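Asks: Structure incoming, see below.
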Amino acid sequence: MAKDDISDLGGFVWSIAEILRGDFKQSEYGKVILPFVVLRRLDCILEGSKDAVLSANDSLPDGVDEATRDMILFSAVGGNTQVYNLSRFTFDKLRGQDPRQLHDNLVDYITNFSTNVRDIFLDKFLFTDQLKRLKDGGILWNVFERFAEIDLHPDTISNLEMGYLFEELIRRFSEISNETAGEHFTPREVIRLIVDLLIANDDEKLTGRGIIRQVYDPACGTGGMLALTEEALKDFNDAIRIELFGQELNGESFGICKSDMLVTGHDPEQIAFGNTLTQDAHADKRFHYMLSNPPYGVDWKKYQDPIKSEAENLGMDGRFGAGTPRISDGQLLFLQHMISKMRDDEIGSRIGIVMNGSPLFTGGAGSGESEIRRWMLENDWVEAIVALPTDLFYNTGIQTYVWLLTNRKPDNRQGKVQLIDASGERFWKSRRKNLGSKRREITDDARAEIVRIYAGFLNGESGEGEVSRIFDTADFGYREIRVERPLKLNFSVDEERLDRLTDQKAFAKLEEDEQAEIRFALKAIGDKLFTNRTEFDKALTAALKQAQIKIGAPLKKAIMAALSERDDDADICLDKNGKPEADTDLRDHELVPLTEDWRDYMEREVLPFVPDAWVDESYTDATDKKVGRVGYEINFNRYFYQYVPPRPLEEIDGELKALEAEIAGLLKAVAA
């Protein structure tokens, strides 16, 4: 069946949704139509083996365990089908029953599926609730009869064609449900770009017969990324065997994805339900291709305990040993999880993941984010990062980036990272109709151009400005050094500074008479301005001794703080070892490229402007114990910024005068 025919069939199925109008919101159509499509497909698959399955079930001995029963009944179905139904009904038989009994009969039909399918309909789709709504609205028979007219038998529609149909329906229902579409649906042109980038240079690896490729998405949603990856691989080599794996937290999305696996002939048990980050359902698996569009900016506070426990207790033997990002965003947790599933063989693995800008630069040296970037770059896994146009997704218009990683870089890419800026106008076109926040799309030609630039490993590719640059991995690293400047204070006893004493906790907790005694003793020092702390310390000690007042170190520190002010002309304050004491208010941190010695950087960038500055050499990196802390960030704007000169002042002034004249005319019209 041609794709146009699939589109026509999709249109017919879509037309059934018109029956729902008035009884269901548009955003709810998919809750009825998609389960019915799955139900009809399974009915067509199982119809020929119905009698054999019922006969096999009747012959089972009493007390047989569920696993044995499933094995025998799956065998009775035949082929690789991992589902059976023990109801006496089929769609044809249901049509011959009393329409008034249809609801009860459908419930009987659904609840007699094997557990793996029954749970999808009952727990994930909540399909019995939808059937009741259809019954209460008096439209159940109409909807059912229309679906019974559709022939979804594998002899009529292949598994691949069924995948096209399912994808078409998911896309349509996602587009009319803009408020939630982005949560479980990634635009197809974005997925196709990621897939094309993943396999762009794998021609030799994918050519021939007997090739098996395992594909994984840890946040698989409705399965769109998995389905389109299979399609691309099959288009390249139809002899490839594709095994799809995934995990999804949202119940309805999981139900749709698992159903897609069922109706397209894949093993549905390879799609798991649950939180990938806390309950890895594929812990023992490694994959050839991994791709994902994890949630952006979603916090992981409510399940942080098992993640932090794994990071602390397993370290690099677990998934999160490199570090954990801030609690408000878990994108880098998904990426670390995917890296942990790279294959350690000759072929290795390739990862494509789309994320927002946060993982590129959030977090300074030593932070979780920076340490994760450091781990990936120093292990030379990051192959390329592609900046996408804004306004591509249904529920957000923000800038997004595709990261490409592999543990088997070709020789020419080793130690290198390619950055591609595909955000410019040459890579997108405006949609005729906006879908939520989706106002743009990547054209087929633009996708091919991005893949060409990536596959060719082009450096300084030109067109409308430079869009591709190649860097050494070390170019993204820096050493954060702590730059100190000396503390310079003057001291004086005057009313204004004495009043500051009341703000000092150590002084404020004294009794009033004690405070008065100290104030009186301090006034004995006089109003001399001291520019040397040691000299003032001696004068203070003498004044307190003369007044026979003994104070502890905290109170003395409070007095010194209240009576001092910063003064660039004062002497440098020295510590007990006679070395300059640092002024923490003047402390600064400089980011020195890893490719440069920090001493040379200080000589060139700092000392010419503040000659008395020095580097705190005790501020070191936990890993290499060298001066400064190592950090990594990837700042696209820095590498691809293009200066746009401001408009001439005459042009702006002309516009302002035109607006003033327009406003004056409007006011005149109102006054008249």
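Residue numbers start at 1 in each chain; chains themselves are named A, B, ... in the order of the structure tokens; ligands are numbered from 1 in the order shown.
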Taking 6 positions as the minimum chain separation for residues in the same chain, which residues sit within 8 Å of Val451 of chain A when counting only C-alpha atoms? Answer as a list of chain:residue names.
Replies: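 Returned residues: A:Leu193, A:Asp196, A:Leu197, A:Ala200.
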Asks: Hey, what's within 8 Å of Asn57 of chain A if we count only C-alpha atoms and toss same-chain stuff fewer than 3 positions away? As number ranges by chain, please?
Replies: A: 53-54, 60, 69, 73, 86
Asks: Give the alpha helix (DSSP H) residues of segment 425-473 of chain A, as assigned by DSSP on the backbone, as a PDB file with C-alpha atoms, in the first residue's frame.
Replies:
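Output contents, as saved in states06.pdb:
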```pdb
ATOM      1  CA  ASP A 444      13.793  18.669   3.379  1.00  0.00           C
ATOM      2  CA  ASP A 445      16.405  20.691   1.490  1.00  0.00           C
ATOM      3  CA  ALA A 446      17.569  22.396   4.682  1.00  0.00           C
ATOM      4  CA  ARG A 447      17.802  19.046   6.438  1.00  0.00           C
ATOM      5  CA  ALA A 448      19.915  17.664   3.609  1.00  0.00           C
ATOM      6  CA  GLU A 449      22.176  20.742   3.802  1.00  0.00           C
ATOM      7  CA  ILE A 450      22.719  20.331   7.557  1.00  0.00           C
ATOM      8  CA  VAL A 451      23.543  16.645   7.089  1.00  0.00           C
ATOM      9  CA  ARG A 452      25.942  17.509   4.235  1.00  0.00           C
ATOM     10  CA  ILE A 453      27.804  20.011   6.406  1.00  0.00           C
ATOM     11  CA  TYR A 454      28.022  17.512   9.251  1.00  0.00           C
ATOM     12  CA  ALA A 455      28.952  14.485   7.160  1.00  0.00           C
TER      13      ALA A 455
END
```
Asks: Any idea what the distance is between atom CA of Ile470 of chain A and atom CA of Val382 of chain A?
Replies: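 According to the coordinates, atom CA of Ile470 of chain A and atom CA of Val382 of chain A are separated by 12.0 Å.
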Asks: Looking only at strand (DSSP E or B) from DSSP on the backbone, list the matching residues of segment 396-567 of chain A as a PyMOL selection string.
Replies: chain A and resi 400-406+416-421+429-435+438-441+461+468-472+477-484+486+488-491+530+564-566
Asks: Set the distance at 12 Å and use only C-alpha atoms: which residues neighbour Lys579 of chain A once local chain neighbours fewer than 4 positions away are removed? I'd like the list as an NGL selection string.
Replies: :A and (486-487 or 572-575 or 614)
